[in-house]
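Visitor: Got a structure for you, questions after.
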Amino acid sequence: MRRAVIIMLMTWAQFFGFWPAHLAQAETGQLSIFYSNDVRGETEPCG
Amino acid sequence: MTVDGGALLFNDEKIFLRQRQQLTTTARGLVRAYNFMGYQAVGIARQDLGGGLDFLREIQKESDFPWLSANLVGKKDHKPIFSPGVVIEQGRLKIALLGLTGDGADTLFTAKDNAVILPWPQVLADLLPGFAAQADFVILLSNLPFDQNKKIATLFPQIHLIIQAGVATANIAPQLINNTLITQTEKQGKHIGLLKANWNREMKKWDTEPNKELLGLKKELDKLTWQLARYRKKGDPEEVFKDKANTLAAYHQMLRQEEALRQAIAGLSHNPTIEAKSNEEPSTYQGRFLAMEKEVPDHPEVLAIVNATTKEANAINKNIFASQDEATPPPYLGSATCLPCHEKQGKKWQKSKHARAYETLIAKNQQFNPQCIPCHITVDPELADIGKAELKKELLMVSCESCHGSGAGHVQSPQDNKLTMPDETICHNCHTPDHDDDFKFKRDLDFLQCGS
(Lines give C-alpha, C1' and ligand atoms only; values in the text may rest on other atoms or scores of the structure.)
Protein backbone atom coordinates (compact mmCIF):
# COMPACT_ATOMS: atom_id res chain seq x y z
CA MET A 1 0.00 0.00 0.00
CA ARG A 2 0.99 3.58 -0.29
CA ARG A 3 2.14 4.56 3.14
CA ALA A 4 1.73 7.85 4.82
CA VAL A 5 4.50 10.39 4.84
CA ILE A 6 4.18 12.35 7.99
CA ILE A 7 6.10 14.97 9.77
CA MET A 8 7.31 14.15 13.22
CA LEU A 9 6.74 17.54 14.70
CA MET A 10 4.65 16.13 17.51
CA THR A 11 7.60 14.07 18.60
CA TRP A 12 9.90 16.99 18.14
CA ALA A 13 7.76 19.10 20.38
CA GLN A 14 8.61 16.57 23.07
CA PHE A 15 12.28 17.26 22.58
CA PHE A 16 12.09 20.14 24.96
CA GLY A 17 11.91 17.86 27.93
CA PHE A 18 15.70 17.67 27.59
CA TRP A 19 16.41 21.26 26.75
CA PRO A 20 17.96 22.45 30.03
CA ALA A 21 20.73 19.88 29.60
CA HIS A 22 21.55 21.42 26.24
CA LEU A 23 22.05 24.84 27.69
CA ALA A 24 24.44 23.80 30.44
CA GLN A 25 27.48 22.70 28.55
CA ALA A 26 31.02 22.94 27.36
CA GLU A 27 32.77 25.26 29.73
CA THR A 28 35.78 23.00 29.79
CA GLY A 29 36.76 20.27 27.34
CA GLN A 30 33.36 18.71 27.85
CA LEU A 31 31.01 18.60 24.97
CA SER A 32 27.37 17.52 24.80
CA ILE A 33 26.13 16.90 21.29
CA PHE A 34 22.44 16.32 20.76
CA TYR A 35 21.90 14.86 17.33
CA SER A 36 19.08 13.71 15.14
CA ASN A 37 18.50 12.50 11.61
CA ASP A 38 15.69 11.10 9.46
CA VAL A 39 13.08 12.66 11.71
CA ARG A 40 10.39 12.40 9.08
CA GLY A 41 8.71 9.09 8.71
CA GLU A 42 5.58 7.09 8.67
CA THR A 43 4.02 6.85 12.04
CA GLU A 44 1.12 7.72 14.25
CA PRO A 45 0.38 11.43 13.82
CA CYS A 46 -2.41 10.58 11.33
CA GLY A 47 -4.67 9.74 14.24
CA MET B 1 25.21 21.74 20.76
CA THR B 2 22.40 20.45 18.59
CA VAL B 3 22.73 19.23 15.01
CA ASP B 4 20.82 17.16 12.50
CA GLY B 5 22.43 14.80 10.01
CA GLY B 6 19.81 15.46 7.35
CA ALA B 7 16.79 13.85 5.64
CA LEU B 8 14.73 16.45 7.46
CA LEU B 9 12.45 17.97 4.83
CA PHE B 10 11.09 15.01 2.86
CA ASN B 11 11.00 11.24 2.98
CA ASP B 12 11.94 10.81 -0.64
CA GLU B 13 14.18 12.61 -3.07
CA LYS B 14 11.26 12.95 -5.50
CA ILE B 15 7.80 14.05 -4.40
CA PHE B 16 4.56 13.84 -6.37
CA LEU B 17 3.25 17.08 -7.78
CA ARG B 18 -0.13 16.65 -6.10
CA GLN B 19 1.50 16.36 -2.69
CA ARG B 20 3.94 19.17 -3.24
CA GLN B 21 1.99 21.95 -1.57
CA GLN B 22 1.25 19.89 1.51
CA LEU B 23 4.76 18.50 1.85
CA THR B 24 6.51 21.82 1.33
CA THR B 25 4.20 23.37 3.92
CA THR B 26 5.12 20.74 6.48
CA ALA B 27 8.80 21.08 5.55
CA ARG B 28 8.59 24.80 6.31
CA GLY B 29 6.91 23.97 9.62
CA LEU B 30 9.81 21.70 10.50
CA VAL B 31 12.26 24.50 9.79
CA ARG B 32 10.30 26.90 12.02
CA ALA B 33 10.44 24.31 14.81
CA TYR B 34 14.17 23.79 14.27
CA ASN B 35 14.75 27.54 14.32
CA PHE B 36 12.95 27.77 17.63
CA MET B 37 14.84 24.81 19.09
CA GLY B 38 18.14 26.44 18.18
CA TYR B 39 19.59 23.86 15.82
CA GLN B 40 23.10 24.87 14.81
CA ALA B 41 23.50 22.96 11.54
CA VAL B 42 21.67 20.46 9.34
CA GLY B 43 23.23 18.22 6.70
CA ILE B 44 21.78 18.08 3.20
CA ALA B 45 20.69 14.55 2.40
CA ARG B 46 19.33 13.49 -0.99
CA GLN B 47 15.85 13.44 0.57
CA ASP B 48 16.15 17.15 1.36
CA LEU B 49 16.31 17.81 -2.37
CA GLY B 50 12.81 16.34 -2.86
CA GLY B 51 11.30 19.78 -3.35
CA GLY B 52 14.02 20.75 -5.85
CA LEU B 53 17.17 22.79 -5.52
CA ASP B 54 15.32 26.11 -5.67
CA PHE B 55 13.04 25.05 -2.82
CA LEU B 56 16.08 24.19 -0.69
CA ARG B 57 17.51 27.63 -1.50
CA GLU B 58 14.25 29.17 -0.22
CA ILE B 59 14.43 26.97 2.87
CA GLN B 60 18.00 28.13 3.54
CA LYS B 61 16.73 31.73 3.64
CA GLU B 62 14.07 30.75 6.19
CA SER B 63 16.52 28.77 8.36
CA ASP B 64 18.44 30.27 11.24
CA PHE B 65 21.01 27.50 10.79
CA PRO B 66 23.22 26.55 7.83
CA TRP B 67 22.37 23.66 5.52
CA LEU B 68 25.67 21.90 4.86
CA SER B 69 26.98 20.05 1.86
CA ALA B 70 30.58 20.10 0.71
CA ASN B 71 29.93 18.01 -2.40
CA LEU B 72 26.71 19.56 -3.76
CA VAL B 73 28.36 21.89 -6.23
CA GLY B 74 27.90 23.80 -9.47
CA LYS B 75 28.36 21.59 -12.50
CA LYS B 76 30.92 23.82 -14.17
CA ASP B 77 32.76 25.64 -11.41
CA HIS B 78 32.49 22.89 -8.76
CA LYS B 79 31.81 25.55 -6.14
CA PRO B 80 29.56 24.52 -3.24
CA ILE B 81 25.97 25.73 -3.71
CA PHE B 82 25.35 25.75 0.06
CA SER B 83 27.85 26.06 2.91
CA PRO B 84 30.33 23.18 2.79
CA GLY B 85 30.92 23.56 6.51
CA VAL B 86 31.00 25.89 9.50
CA VAL B 87 33.07 26.38 12.62
CA ILE B 88 31.14 26.92 15.84
CA GLU B 89 32.49 27.81 19.27
CA GLN B 90 31.18 25.73 22.15
CA GLY B 91 32.61 26.83 25.45
CA ARG B 92 36.35 26.75 24.89
CA LEU B 93 36.15 24.25 22.04
CA LYS B 94 35.95 25.10 18.36
CA ILE B 95 33.81 22.61 16.47
CA ALA B 96 33.96 22.23 12.69
CA LEU B 97 30.90 20.77 10.97
CA LEU B 98 30.89 19.57 7.38
CA GLY B 99 28.15 18.00 5.29
CA LEU B 100 28.23 15.33 2.59
CA THR B 101 25.25 14.54 0.37
CA GLY B 102 24.81 10.97 -0.88
CA ASP B 103 26.24 10.46 -4.33
CA GLY B 104 24.67 9.09 -7.50
CA ALA B 105 22.92 12.35 -8.21
CA ASP B 106 22.04 11.93 -11.86
CA THR B 107 18.30 11.88 -11.20
CA LEU B 108 18.26 14.64 -8.61
CA PHE B 109 18.74 17.76 -10.69
CA THR B 110 17.20 19.40 -13.70
CA ALA B 111 19.37 20.84 -16.45
CA LYS B 112 18.49 24.30 -15.14
CA ASP B 113 19.89 23.42 -11.72
CA ASN B 114 23.30 23.05 -13.27
CA ALA B 115 24.39 21.10 -10.20
CA VAL B 116 26.20 17.90 -9.47
CA ILE B 117 27.25 15.88 -6.45
CA LEU B 118 30.93 15.12 -6.36
CA PRO B 119 32.42 11.92 -4.93
CA TRP B 120 33.61 12.44 -1.36
CA PRO B 121 37.30 11.42 -1.51
CA GLN B 122 38.47 14.46 -3.48
CA VAL B 123 36.11 16.86 -1.70
CA LEU B 124 37.29 15.81 1.76
CA ALA B 125 40.93 15.79 0.70
CA ASP B 126 40.55 19.40 -0.49
CA LEU B 127 38.39 20.85 2.29
CA LEU B 128 39.14 18.93 5.44
CA PRO B 129 42.65 20.22 6.19
CA GLY B 130 41.38 23.83 6.24
CA PHE B 131 38.49 23.07 8.59
CA ALA B 132 40.57 20.76 10.79
CA ALA B 133 43.21 23.48 11.21
CA GLN B 134 40.59 25.87 12.59
CA ALA B 135 38.89 23.44 14.96
CA ASP B 136 39.45 21.27 18.02
CA PHE B 137 36.78 18.77 17.03
CA VAL B 138 35.44 17.86 13.57
CA ILE B 139 31.96 16.50 12.86
CA LEU B 140 30.77 15.18 9.50
CA LEU B 141 27.03 15.10 8.77
CA SER B 142 26.93 12.30 6.23
CA ASN B 143 24.21 11.06 3.91
CA LEU B 144 26.47 8.17 2.90
CA PRO B 145 25.94 4.54 3.95
CA PHE B 146 27.84 3.00 6.84
CA ASP B 147 30.43 1.20 4.70
CA GLN B 148 31.35 4.47 2.99
CA ASN B 149 31.53 6.26 6.32
CA LYS B 150 33.88 3.54 7.57
CA LYS B 151 36.13 4.24 4.60
CA ILE B 152 36.03 7.96 5.40
CA ALA B 153 36.96 7.17 9.00
CA THR B 154 39.87 5.07 7.84
CA LEU B 155 41.17 7.68 5.42
CA PHE B 156 40.46 10.84 7.42
CA PRO B 157 41.21 10.46 11.14
CA GLN B 158 40.87 14.26 11.46
CA ILE B 159 37.09 13.66 11.52
CA HIS B 160 36.14 12.77 15.08
CA LEU B 161 32.44 12.11 14.70
CA ILE B 162 30.23 11.09 11.77
CA ILE B 163 26.48 11.51 12.17
CA GLN B 164 24.84 9.39 9.51
CA ALA B 165 21.47 10.28 7.96
CA GLY B 166 19.01 9.06 5.39
CA VAL B 167 20.51 5.63 4.80
CA ALA B 168 19.35 3.29 7.58
CA THR B 169 16.49 2.97 10.01
CA ALA B 170 17.77 1.91 13.44
CA ASN B 171 19.79 3.57 16.17
CA ILE B 172 23.50 2.94 15.73
CA ALA B 173 25.41 3.40 18.99
CA PRO B 174 28.71 5.23 18.49
CA GLN B 175 31.23 2.86 16.90
CA LEU B 176 34.88 3.77 16.93
CA ILE B 177 36.56 3.25 13.56
CA ASN B 178 40.16 4.38 13.53
CA ASN B 179 39.79 7.76 15.34
CA THR B 180 36.19 8.44 14.30
CA LEU B 181 32.93 7.64 16.02
CA ILE B 182 30.07 6.79 13.66
CA THR B 183 26.51 7.02 14.92
CA GLN B 184 22.92 7.70 13.89
CA THR B 185 19.47 7.76 15.45
CA GLU B 186 16.44 5.73 14.50
CA LYS B 187 14.13 7.20 11.85
CA GLN B 188 10.89 9.04 12.67
CA GLY B 189 12.41 11.08 15.46
CA LYS B 190 11.81 8.31 17.97
CA HIS B 191 15.13 9.03 19.67
CA ILE B 192 17.53 11.88 20.14
CA GLY B 193 21.17 10.93 20.24
CA LEU B 194 23.29 12.40 22.99
CA LEU B 195 27.05 12.11 22.86
CA LYS B 196 28.89 13.40 25.90
CA ALA B 197 32.57 13.78 25.20
CA ASN B 198 35.41 14.73 27.47
CA TRP B 199 37.67 16.03 24.75
CA ASN B 200 41.39 16.57 24.93
CA ARG B 201 41.87 19.24 22.28
CA GLU B 202 45.62 18.90 22.29
CA MET B 203 45.72 15.16 21.68
CA LYS B 204 42.53 14.85 19.58
CA LYS B 205 42.39 11.10 20.11
CA TRP B 206 39.59 8.91 21.36
CA ASP B 207 40.53 6.48 24.10
CA THR B 208 40.71 3.09 22.40
CA GLU B 209 41.29 1.12 25.56
CA PRO B 210 38.75 2.07 28.19
CA ASN B 211 39.68 0.86 31.66
CA LYS B 212 37.76 -2.41 32.02
CA GLU B 213 38.36 -2.64 35.76
CA LEU B 214 36.96 0.83 36.23
CA LEU B 215 33.91 0.05 34.09
CA GLY B 216 33.27 -3.10 36.17
CA LEU B 217 33.44 -1.17 39.44
CA LYS B 218 31.08 1.49 38.10
CA LYS B 219 28.63 -1.18 37.04
CA GLU B 220 28.79 -2.72 40.52
CA LEU B 221 28.21 0.70 42.08
CA ASP B 222 25.20 1.30 39.82
CA LYS B 223 23.71 -1.98 41.00
CA LEU B 224 24.37 -1.19 44.63
CA THR B 225 22.92 2.31 44.30
CA TRP B 226 19.76 0.80 42.86
CA GLN B 227 19.51 -1.67 45.77
CA LEU B 228 20.04 1.10 48.32
CA ALA B 229 17.33 3.15 46.67
CA ARG B 230 14.93 0.26 47.20
CA TYR B 231 15.81 0.20 50.91
CA ARG B 232 15.10 3.93 51.09
CA LYS B 233 11.85 3.75 49.17
CA LYS B 234 9.66 3.68 52.28
CA GLY B 235 11.65 6.28 54.19
CA ASP B 236 14.81 6.38 56.27
CA PRO B 237 15.90 2.71 56.61
CA GLU B 238 17.18 3.41 60.15
CA GLU B 239 13.58 4.13 61.14
CA VAL B 240 11.74 1.77 58.81
CA PHE B 241 13.83 -1.27 59.76
CA LYS B 242 14.59 -0.42 63.41
CA ASP B 243 12.81 -3.59 64.56
CA LYS B 244 14.43 -5.79 61.91
CA ALA B 245 18.03 -6.23 62.99
CA ASN B 246 19.07 -8.50 60.10
CA THR B 247 17.66 -6.17 57.45
CA LEU B 248 19.30 -3.18 59.06
CA ALA B 249 22.62 -5.05 59.26
CA ALA B 250 22.41 -5.86 55.54
CA TYR B 251 21.70 -2.20 54.81
CA HIS B 252 24.74 -1.11 56.82
CA GLN B 253 26.88 -3.65 55.00
CA MET B 254 25.75 -2.19 51.66
CA LEU B 255 26.62 1.33 52.81
CA ARG B 256 30.15 0.15 53.62
CA GLN B 257 30.41 -1.54 50.21
CA GLU B 258 29.22 1.64 48.53
CA GLU B 259 31.89 3.70 50.25
CA ALA B 260 34.59 1.15 49.36
CA LEU B 261 33.52 1.12 45.72
CA ARG B 262 33.55 4.91 45.52
CA GLN B 263 37.07 5.01 46.90
CA ALA B 264 38.24 2.31 44.49
CA ILE B 265 36.71 4.17 41.55
CA ALA B 266 38.31 7.44 42.62
CA GLY B 267 41.66 5.66 42.86
CA LEU B 268 41.41 4.18 39.37
CA SER B 269 39.94 7.21 37.64
CA HIS B 270 42.42 9.42 35.87
CA ASN B 271 39.87 12.13 36.02
CA PRO B 272 37.40 11.58 38.84
CA THR B 273 36.00 15.08 38.82
CA ILE B 274 35.55 15.12 35.03
CA GLU B 275 37.70 18.16 34.58
CA ALA B 276 39.20 19.10 31.27
CA LYS B 277 41.67 16.59 29.95
CA SER B 278 45.38 17.01 30.43
CA ASN B 279 47.66 16.81 27.42
CA GLU B 280 48.57 13.16 27.92
CA GLU B 281 45.13 11.64 28.20
CA PRO B 282 42.99 10.41 25.33
CA SER B 283 39.41 11.61 25.10
CA THR B 284 36.45 9.65 26.40
CA TYR B 285 32.79 9.60 25.46
CA GLN B 286 29.42 8.31 26.52
CA GLY B 287 26.66 7.76 24.00
CA ARG B 288 22.97 7.60 24.84
CA PHE B 289 19.72 7.55 22.95
CA LEU B 290 16.93 9.49 24.58
CA ALA B 291 13.54 7.99 23.78
CA MET B 292 10.94 10.55 22.77
CA GLU B 293 8.13 8.90 24.70
CA LYS B 294 4.71 10.48 25.01
CA GLU B 295 5.47 11.19 28.66
CA VAL B 296 8.12 13.72 27.65
CA PRO B 297 6.34 17.06 27.96
CA ASP B 298 5.61 19.17 24.89
CA HIS B 299 6.97 22.66 24.72
CA PRO B 300 3.98 24.98 24.23
CA GLU B 301 5.61 27.12 21.54
CA VAL B 302 6.77 24.15 19.48
CA LEU B 303 3.37 22.58 19.91
CA ALA B 304 1.84 25.79 18.55
CA ILE B 305 4.09 25.52 15.46
CA VAL B 306 3.04 21.89 15.06
CA ASN B 307 -0.65 22.67 15.29
CA ALA B 308 -0.47 25.66 12.96
CA THR B 309 1.46 23.62 10.37
CA THR B 310 -0.93 20.68 10.51
CA LYS B 311 -3.91 23.01 10.20
CA GLU B 312 -2.36 24.77 7.22
CA ALA B 313 -1.55 21.50 5.44
CA ASN B 314 -5.05 20.18 6.12
CA ALA B 315 -6.62 23.30 4.63
CA ILE B 316 -4.51 22.84 1.48
CA ASN B 317 -5.73 19.26 1.13
CA LYS B 318 -9.33 20.28 1.76
CA ASN B 319 -9.14 22.70 -1.16
CA ILE B 320 -7.60 20.03 -3.38
CA PHE B 321 -10.50 17.68 -2.58
CA ALA B 322 -13.05 20.45 -3.12
CA SER B 323 -11.65 21.23 -6.56
CA GLN B 324 -11.96 17.64 -7.77
CA ASP B 325 -14.65 16.37 -10.10
CA GLU B 326 -16.86 13.56 -8.84
CA ALA B 327 -15.14 10.39 -9.97
CA THR B 328 -16.65 6.92 -10.30
CA PRO B 329 -18.25 6.09 -6.97
CA PRO B 330 -16.43 3.41 -4.99
CA PRO B 331 -18.00 -0.08 -4.87
CA TYR B 332 -18.59 0.12 -1.13
CA LEU B 333 -21.97 0.41 0.56
CA GLY B 334 -21.11 1.25 4.13
CA SER B 335 -21.91 -0.56 7.37
CA ALA B 336 -25.58 0.57 7.46
CA THR B 337 -26.27 -1.90 4.65
CA CYS B 338 -24.57 -4.77 6.49
CA LEU B 339 -25.97 -4.30 9.98
CA PRO B 340 -29.61 -5.35 9.49
CA CYS B 341 -28.49 -8.90 8.62
CA HIS B 342 -25.33 -8.99 10.74
CA GLU B 343 -26.69 -7.29 13.83
CA LYS B 344 -24.63 -9.18 16.40
CA GLN B 345 -21.33 -8.51 14.64
CA GLY B 346 -22.36 -4.94 13.91
CA LYS B 347 -23.07 -4.14 17.55
CA LYS B 348 -19.64 -5.39 18.55
CA TRP B 349 -17.96 -3.47 15.76
CA GLN B 350 -19.73 -0.27 16.76
CA LYS B 351 -17.88 -0.36 20.07
CA SER B 352 -14.50 -0.68 18.36
CA LYS B 353 -12.03 2.06 17.41
CA HIS B 354 -12.53 1.09 13.76
CA ALA B 355 -16.01 2.59 13.93
CA ARG B 356 -14.48 5.95 14.95
CA ALA B 357 -11.37 5.79 12.78
CA TYR B 358 -12.15 8.95 10.78
CA GLU B 359 -13.07 10.91 13.91
CA THR B 360 -9.50 10.52 15.11
CA LEU B 361 -8.30 12.22 11.92
CA ILE B 362 -10.71 15.11 12.49
CA ALA B 363 -9.40 15.49 16.03
CA LYS B 364 -5.87 15.84 14.67
CA ASN B 365 -6.69 18.09 11.72
CA GLN B 366 -5.71 15.38 9.29
CA GLN B 367 -9.11 14.52 7.78
CA PHE B 368 -8.07 15.77 4.34
CA ASN B 369 -4.59 14.33 4.38
CA PRO B 370 -4.56 11.87 1.46
CA GLN B 371 -1.69 10.04 3.12
CA CYS B 372 -3.77 9.31 6.22
CA ILE B 373 -7.23 8.76 4.79
CA PRO B 374 -6.90 5.26 3.22
CA CYS B 375 -6.48 3.60 6.61
CA HIS B 376 -9.29 5.58 8.25
CA ILE B 377 -12.19 5.06 5.85
CA THR B 378 -13.86 2.13 4.08
CA VAL B 379 -11.76 1.82 1.00
CA ASP B 380 -9.27 -0.51 -0.57
CA PRO B 381 -6.13 0.42 1.40
CA GLU B 382 -4.10 -0.25 -1.75
CA LEU B 383 -5.93 2.54 -3.57
CA ALA B 384 -3.24 4.89 -4.76
CA ASP B 385 -5.34 7.97 -5.28
CA ILE B 386 -8.03 8.90 -2.80
CA GLY B 387 -10.52 11.35 -4.26
CA LYS B 388 -13.63 13.26 -3.39
CA ALA B 389 -15.80 10.23 -4.25
CA GLU B 390 -14.27 8.18 -1.45
CA LEU B 391 -15.16 10.75 1.19
CA LYS B 392 -18.83 9.80 1.40
CA LYS B 393 -20.34 10.12 4.83
CA GLU B 394 -21.31 6.44 5.10
CA LEU B 395 -17.72 5.42 4.35
CA LEU B 396 -15.98 7.66 6.86
CA MET B 397 -14.97 4.84 9.19
CA VAL B 398 -13.20 1.51 8.96
CA SER B 399 -16.16 -0.80 8.59
CA CYS B 400 -17.11 -4.31 7.47
CA GLU B 401 -16.04 -3.92 3.83
CA SER B 402 -12.60 -2.62 4.80
CA CYS B 403 -11.68 -6.17 5.78
CA HIS B 404 -14.28 -8.32 3.98
CA GLY B 405 -14.23 -6.49 0.64
CA SER B 406 -17.06 -4.85 -1.25
CA GLY B 407 -20.52 -6.09 -0.34
CA ALA B 408 -22.12 -4.91 -3.60
CA GLY B 409 -22.54 -8.43 -4.99
CA HIS B 410 -23.21 -10.01 -1.62
CA VAL B 411 -26.19 -7.76 -0.95
CA GLN B 412 -27.78 -8.79 -4.27
CA SER B 413 -27.27 -12.51 -3.84
CA PRO B 414 -25.67 -13.44 -0.51
CA GLN B 415 -25.27 -17.15 -1.17
CA ASP B 416 -23.66 -16.65 -4.56
CA ASN B 417 -21.32 -13.89 -3.42
CA LYS B 418 -19.93 -14.87 -0.06
CA LEU B 419 -17.45 -12.41 1.32
CA THR B 420 -13.90 -13.32 2.23
CA MET B 421 -13.00 -14.05 5.81
CA PRO B 422 -9.87 -11.99 6.27
CA ASP B 423 -6.70 -13.17 7.92
CA GLU B 424 -3.89 -11.28 9.61
CA THR B 425 -2.51 -10.12 6.27
CA ILE B 426 -5.22 -7.56 5.75
CA CYS B 427 -4.54 -5.95 9.13
CA HIS B 428 -0.92 -5.37 8.17
CA ASN B 429 -1.98 -3.13 5.32
CA CYS B 430 -2.53 -0.42 7.89
CA HIS B 431 -1.11 -1.73 11.17
CA THR B 432 2.46 -1.51 9.90
CA PRO B 433 5.38 -1.22 12.31
CA ASP B 434 5.75 2.39 11.22
CA HIS B 435 2.18 3.26 12.13
CA ASP B 436 1.48 0.88 14.97
CA ASP B 437 4.55 -0.66 16.53
CA ASP B 438 2.48 -2.34 19.24
CA PHE B 439 0.11 -4.31 16.98
CA LYS B 440 -0.48 -7.88 18.07
CA PHE B 441 -3.01 -9.71 15.91
CA LYS B 442 -4.53 -12.11 18.45
CA ARG B 443 -4.73 -9.58 21.25
CA ASP B 444 -6.06 -6.78 19.09
CA LEU B 445 -8.63 -8.97 17.37
CA ASP B 446 -10.29 -9.30 20.78
CA PHE B 447 -10.65 -5.50 20.88
CA LEU B 448 -12.32 -5.55 17.48
CA GLN B 449 -14.77 -8.20 18.60
CA CYS B 450 -16.79 -8.39 15.41
CA GLY B 451 -16.51 -12.15 15.64
CA SER B 452 -14.79 -12.65 12.34
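Labels for the C-alpha coordinates follow display order: chains A, B, ..., residues from 1 in each chain, ligands from 1.
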Tell me the residues of chain B close to chain A, meaning within 6 Å using only C-alpha atoms, as a PyMOL selection string.
Guide: chain B and resi 1-8+90-91+165-166+185+187-189+192-199+276+296-299+302-303+306+360-361+371-372+382+434-435
Visitor: Would you pick out the contacts of B:Pro237 at 10 Å or less, using only C-alpha atoms, so that residues sharing its chain but fewer than 4 positions from it are not included, and give the list as a PyMOL selection string?
Guide: chain B and resi 228+230-233+241-242+247-248+251-252
Visitor: Run DSSP on the backbone and grab whatever in stretch 218-369 of chain B lands in strand (DSSP E or B); send it over as a list in words.
Guide: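 Everything in stretch 218-369 of chain B that counts as strand (DSSP E or B) is Ser283, Thr284, Tyr285, Gln286, Gly287, Arg288, Phe289, Leu290 and Ala291 of chain B.
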Visitor: Need the shell around B:Asn417: protein/DNA/RNA residues with any atom at most 12 Å away, counting only C-alpha atoms. Skip same-chain ones fewer than 3 positions apart. Format as a PyMOL selection string?
Guide: chain B and resi 404-414+420
Visitor: Could you name the residues that touch B:Gly51 at 12 Å or less, counting only C-alpha atoms, but leaving out those on the same chain fewer than 5 positions away, as JSON, numbers by chain?
Guide: {"B": [8, 9, 10, 11, 12, 13, 14, 15, 16, 17, 19, 20, 21, 22, 23, 24, 25, 26, 27, 28, 46, 56, 57, 58, 59, 108, 109, 110]}
Visitor: Go through B:Phe65, B:Asn143, B:Ile426, B:His191 and flag the residue nearest B:Leu100, using only C-alpha atoms for the distances.
Guide: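 Smallest distance to B:Leu100 is found for B:Asn143.
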